[in-house]
Amino acid sequence: METIQKIAVIGAGTMGPGIAQALATGGYAVSIWDPIAEARERGKARLSDGVETFVRNGTLDQRQAEEIKQRVTFAVSLEESVAQAGMIIEAIVENVEIKKTFYQELSKQIDKNVIVASNTSALNIFEIVPEGMLPQQLIMHWYGPAQLVPLVEVIKSEQAPQAYADAAMEVLRRCGKAPVLMKKFIQGYIVNRLQQCLNREVFYLLDNDICTAADIDYAAKISFIPRAMVLGFCKKIDFGGVDMTIKNYKNHSYTLPPDTGLPATLQKMDEEKAYGIKSGRGFYDYEGLDVEALLEKRDDQLAAAYRLALELLQDPV
């Protein structure tokens, strides 16, 4: 652990700046590299905005915020970024060929004792990296906004020592994160698999005109989502009675909707290019609204929600 003083974050797009902010908050020197100069500049702005969220919410004072920003540098080359880094976190585009090319280049520039972690959301990175890198390869799957969401799912390759996974978990804890060490890789990890199951139901309800998107959001936010902050899913079954869940399965009180491919609701939204806040319309209409103000409000509310969630986790039921 003490050999990890500097961490390189590769990719300054959607996730990189938030990951860098979290690591810098934990006291690490962080070097971000992205091959695209414009991405590096956008990353600097996003990092600054992310830190200011914590200042607005009273988690950091201005001096602490400046110290965090100063711990992060934006390198102009991969070689500069990974030099003397004890850990590397790859957060580049989800493209197999691009990742293969990157890892082939990375393997030439780092020692065998450097821990390498991929933030890949869907790809089995252990099938992509050069075989010689497997003894140092992990997955470290963050959720966005990375500076706000505490959960990080960690998986080591079969060839990597447990000590590397333990070190990664400790780095994350020092940064205020709540890591989960998975026993083995599975596509979607834990939370994305749960969310995909929920999405299947969401689109079944919408496609069959059973309720509106606003109805679904309201019902979820006022019922099982806050309850899950206290009980999660498995402990909720304990409190409700495992026998009740057994009976529900035996009685076939619920039937999973069939998988019919792309839901009709999404097909229509794709045709209309209703891609959400980025296009001004998705399930809701954002036309004419200040998007930056909405994102700022979202981050403020997420920060408050996760503070409460972490508080409850420290004194579990």
# chains A, B, ... in the order shown; residues from 1 in each chain; ligands from 1
$ select_by_dssp --residues "stretch 54-288 of chain A" --states "helix (DSSP H, G or I)" --output "number ranges by chain"
A: 54-56, 62-70, 78-82, 96-107, 125-127, 131-136, 162-174, 191-207, 213-221, 224-231, 234-240, 242-250, 264-271
$ residues_around --residues "A:Gln109" --least-positions-apart "5" --cutoff "10 Å" --atoms "only C-alpha atoms" --output "ChimeraX atom specification"
/A:78-79,82-83,103-104
$ write_last_selection --atoms "N, CA and C atoms" --output "PDB file, in the first residue's frame"
ATOM      1  N   LEU A  78       0.938   9.343 -22.536  1.00  0.00           N
ATOM      2  CA  LEU A  78       0.740   8.177 -21.688  1.00  0.00           C
ATOM      3  C   LEU A  78       1.975   7.928 -20.836  1.00  0.00           C
ATOM      4  N   GLU A  79       3.137   8.048 -21.434  1.00  0.00           N
ATOM      5  CA  GLU A  79       4.386   7.812 -20.716  1.00  0.00           C
ATOM      6  C   GLU A  79       4.507   8.724 -19.504  1.00  0.00           C
ATOM      7  N   VAL A  82       1.870   7.607 -16.618  1.00  0.00           N
ATOM      8  CA  VAL A  82       2.086   6.375 -15.852  1.00  0.00           C
ATOM      9  C   VAL A  82       3.439   6.323 -15.159  1.00  0.00           C
ATOM     10  N   ALA A  83       4.314   7.282 -15.451  1.00  0.00           N
ATOM     11  CA  ALA A  83       5.645   7.284 -14.833  1.00  0.00           C
ATOM     12  C   ALA A  83       5.518   7.326 -13.314  1.00  0.00           C
ATOM     13  N   TYR A 103      -3.814  -1.429 -24.210  1.00  0.00           N
ATOM     14  CA  TYR A 103      -3.112  -2.316 -23.272  1.00  0.00           C
ATOM     15  C   TYR A 103      -1.801  -2.851 -23.852  1.00  0.00           C
ATOM     16  N   GLN A 104      -1.763  -3.045 -25.147  1.00  0.00           N
ATOM     17  CA  GLN A 104      -0.509  -3.460 -25.765  1.00  0.00           C
ATOM     18  C   GLN A 104       0.550  -2.380 -25.582  1.00  0.00           C
TER      19      GLN A 104
END
$ atom_distance --atom1 "atom CA of A:Gly280" --atom2 "atom CA of A:Thr212"
18.9 Å
$ select_by_dssp --residues "stretch 90-308 of chain A" --states "strand (DSSP E or B)" --output "list in words"
Glu90, Ile115, Val116, Ala117, Ser118, Gln137, Leu138, Ile139, Met140, His141, Trp142, Leu151, Val152, Glu153, Val154, Ile155, Lys156, Ala178, Pro179, Val180, Leu181, Gly276, Arg281 and Asp285 of chain A
$ residues_around --residues "stretch 297-301 of chain A" --least-positions-apart "4" --cutoff "12 Å" --atoms "only C-alpha atoms" --output "ChimeraX atom specification"
/A:18,49-59,144-149,290-293,305-308
$ closest_residue --among "A:Glu158, A:Glu153, A:Asp209, A:Glu2" --to "A:Val180" --atoms "only C-alpha atoms"
A:Glu153
$ residues_around --residues "A:Asp285" --least-positions-apart "6" --cutoff "12 Å" --atoms "only C-alpha atoms" --output "PDB file with N, CA and C atoms, in the first residue's frame"
ATOM      1  N   ALA A 213     -44.237   7.251 -17.200  1.00  0.00           N
ATOM      2  CA  ALA A 213     -42.872   7.290 -16.679  1.00  0.00           C
ATOM      3  C   ALA A 213     -42.823   8.036 -15.350  1.00  0.00           C
ATOM      4  N   ALA A 214     -43.587   9.119 -15.251  1.00  0.00           N
ATOM      5  CA  ALA A 214     -43.619   9.884 -14.000  1.00  0.00           C
ATOM      6  C   ALA A 214     -44.213   9.055 -12.868  1.00  0.00           C
ATOM      7  N   ALA A 274     -35.051  11.212 -29.048  1.00  0.00           N
ATOM      8  CA  ALA A 274     -35.339  11.718 -27.705  1.00  0.00           C
ATOM      9  C   ALA A 274     -34.393  11.027 -26.732  1.00  0.00           C
ATOM     10  N   TYR A 275     -33.154  11.510 -26.664  1.00  0.00           N
ATOM     11  CA  TYR A 275     -32.088  10.831 -25.941  1.00  0.00           C
ATOM     12  C   TYR A 275     -31.857  11.385 -24.538  1.00  0.00           C
ATOM     13  N   GLY A 276     -32.834  12.122 -24.025  1.00  0.00           N
ATOM     14  CA  GLY A 276     -32.714  12.597 -22.654  1.00  0.00           C
ATOM     15  C   GLY A 276     -32.234  14.019 -22.562  1.00  0.00           C
ATOM     16  N   ILE A 277     -31.582  14.313 -21.466  1.00  0.00           N
ATOM     17  CA  ILE A 277     -31.194  15.693 -21.178  1.00  0.00           C
ATOM     18  C   ILE A 277     -30.267  16.256 -22.244  1.00  0.00           C
ATOM     19  N   LYS A 278     -29.447  15.390 -22.868  1.00  0.00           N
ATOM     20  CA  LYS A 278     -28.492  15.838 -23.882  1.00  0.00           C
ATOM     21  C   LYS A 278     -29.183  16.345 -25.144  1.00  0.00           C
ATOM     22  N   SER A 279     -30.404  15.845 -25.407  1.00  0.00           N
ATOM     23  CA  SER A 279     -31.128  16.261 -26.616  1.00  0.00           C
ATOM     24  C   SER A 279     -32.320  17.158 -26.301  1.00  0.00           C
ATOM     25  N   VAL A 291     -29.461  23.322 -18.457  1.00  0.00           N
ATOM     26  CA  VAL A 291     -28.957  21.972 -18.210  1.00  0.00           C
ATOM     27  C   VAL A 291     -27.894  21.972 -17.122  1.00  0.00           C
TER      28      VAL A 291
END
$ closest_atom_pairs --of "stretch 4-122 of chain A" --to "stretch 165-178 of chain A" --cutoff "8 Å" --atoms "only C-alpha atoms" --output "tab-separated table"
residue	atom	partner	partner_atom	distance
A:Ala22	CA	A:Cys175	CA	5.9
A:Leu23	CA	A:Cys175	CA	5.7
A:Ala24	CA	A:Cys175	CA	7.8
A:Thr25	CA	A:Cys175	CA	6.0
A:Gly26	CA	A:Cys175	CA	3.9
A:Gly27	CA	A:Cys175	CA	7.6
$ atom_distance --atom1 "atom CA of A:Tyr218" --atom2 "atom CA of A:Ala122"
29.2 Å
$ residues_around --residues "A:Ser77" --least-positions-apart "4" --cutoff "10 Å" --atoms "only C-alpha atoms" --output "ChimeraX atom specification"
/A:32-35,81-82
$ write_last_selection --atoms "C-alpha atoms" --output "PDB file, in the first residue's frame"
ATOM      1  CA  ILE A  32      -4.883  12.017 -16.032  1.00  0.00           C
ATOM      2  CA  TRP A  33      -4.105  11.382 -19.653  1.00  0.00           C
ATOM      3  CA  ASP A  34      -6.358  11.457 -22.679  1.00  0.00           C
ATOM      4  CA  PRO A  35      -5.030  11.466 -26.248  1.00  0.00           C
ATOM      5  CA  SER A  81       0.997   9.878 -16.917  1.00  0.00           C
ATOM      6  CA  VAL A  82       2.086   6.375 -15.852  1.00  0.00           C
TER       7      VAL A  82
END
$ closest_residue --among "A:Val76, A:Leu106, A:Ala39, A:Ile88" --to "A:Ala8" --atoms "only C-alpha atoms"
A:Ile88
$ atom_distance --atom1 "atom CA of A:Cys197" --atom2 "atom CA of A:Ile139"
22.7 Å
$ residues_around --residues "stretch 253-267 of chain A" --least-positions-apart "4" --cutoff "7 Å" --atoms "only C-alpha atoms" --output "list in words"
Phe203, Tyr204, Leu206, Asp207, Asn248, Tyr249 and Glu271 of chain A
